[in-house]
Amino acid sequence: MGEPDIVANVNFFMSVPVGRDGHMAIADSPSKAGDYVDVEALTDVIAVISNCPQKYNPACGYRPTAVQVETFTRAQARR
């Protein structure tokens with residue numbers, strides 16, 4: 001693997017508004033406990049997951065919590 005294999009990150013539960021002037025900020029997240037995302041990998045992937053455990057970050061309301069990750073094979077997902 002090389003640098004071209006590293007893609008931009010995706011923030012599913014973090015709010016990063018971008019103003020008209022391009023200024024970015026970290027804001028309170030609109031997500032709440034129990035929210036989730038289903039992702040289907042159509043090819044082999046290496047995924048890195050973080051719950052943004054920064055106690056000084058407003059994205060988690062200054063209270064970082066655990067994240068739960070479940071993986072399924074295609075056969076398990078069909079059940």
# chains A, B, ... in the order shown; residues from 1 in each chain; ligands from 1
$ residues_around --residues "range 20-35 of chain A" --least-positions-apart "6" --cutoff "9 Å" --atoms "only C-alpha atoms" --output "PyMOL selection string"
chain A and resi 12-14+57-61
$ residues_around --residues "Val39 in chain A" --least-positions-apart "3" --cutoff "12 Å" --atoms "only C-alpha atoms" --output "list in words"
Val10, Phe12, Tyr36, Leu42, Thr43, Val45, Ala47, Val69, Glu70, Thr71, Phe72, Arg74 and Ala77 of chain A
$ atom_distance --atom1 "CA of Val16 in chain A" --atom2 "CA of Asp38 in chain A"
21.0 Å
$ select_by_dssp --residues "chain A" --states "strand (DSSP E or B)" --output "VMD selection string"
chain A and resid 15 18 24 27
$ write_last_selection --atoms "N, CA and C atoms" --output "mmCIF file, in the first residue's frame"
data_model
loop_
_atom_site.group_PDB
_atom_site.id
_atom_site.type_symbol
_atom_site.label_atom_id
_atom_site.label_comp_id
_atom_site.auth_asym_id
_atom_site.auth_seq_id
_atom_site.Cartn_x
_atom_site.Cartn_y
_atom_site.Cartn_z
ATOM 1 N N SER A 15 -20.061 17.000 13.472
ATOM 2 C CA SER A 15 -20.517 18.131 12.666
ATOM 3 C C SER A 15 -19.355 19.095 12.435
ATOM 4 N N VAL A 18 -18.939 24.190 7.213
ATOM 5 C CA VAL A 18 -18.023 24.986 6.397
ATOM 6 C C VAL A 18 -18.773 26.228 5.953
ATOM 7 N N MET A 24 -13.843 26.528 8.553
ATOM 8 C CA MET A 24 -14.431 25.324 9.127
ATOM 9 C C MET A 24 -14.428 25.420 10.645
ATOM 10 N N ALA A 27 -18.613 21.641 15.631
ATOM 11 C CA ALA A 27 -19.830 22.051 16.314
ATOM 12 C C ALA A 27 -20.481 20.862 17.012
#
$ atom_distance --atom1 "CA of Ala41 in chain A" --atom2 "CA of Thr73 in chain A"
10.2 Å
$ closest_residue --among "A:Val37, A:Val67, A:Ile46, A:Ala75" --to "Val7 in chain A" --atoms "only C-alpha atoms"
A:Ile46
$ atom_distance --atom1 "CA of Pro4 in chain A" --atom2 "CA of Ile49 in chain A"
19.4 Å
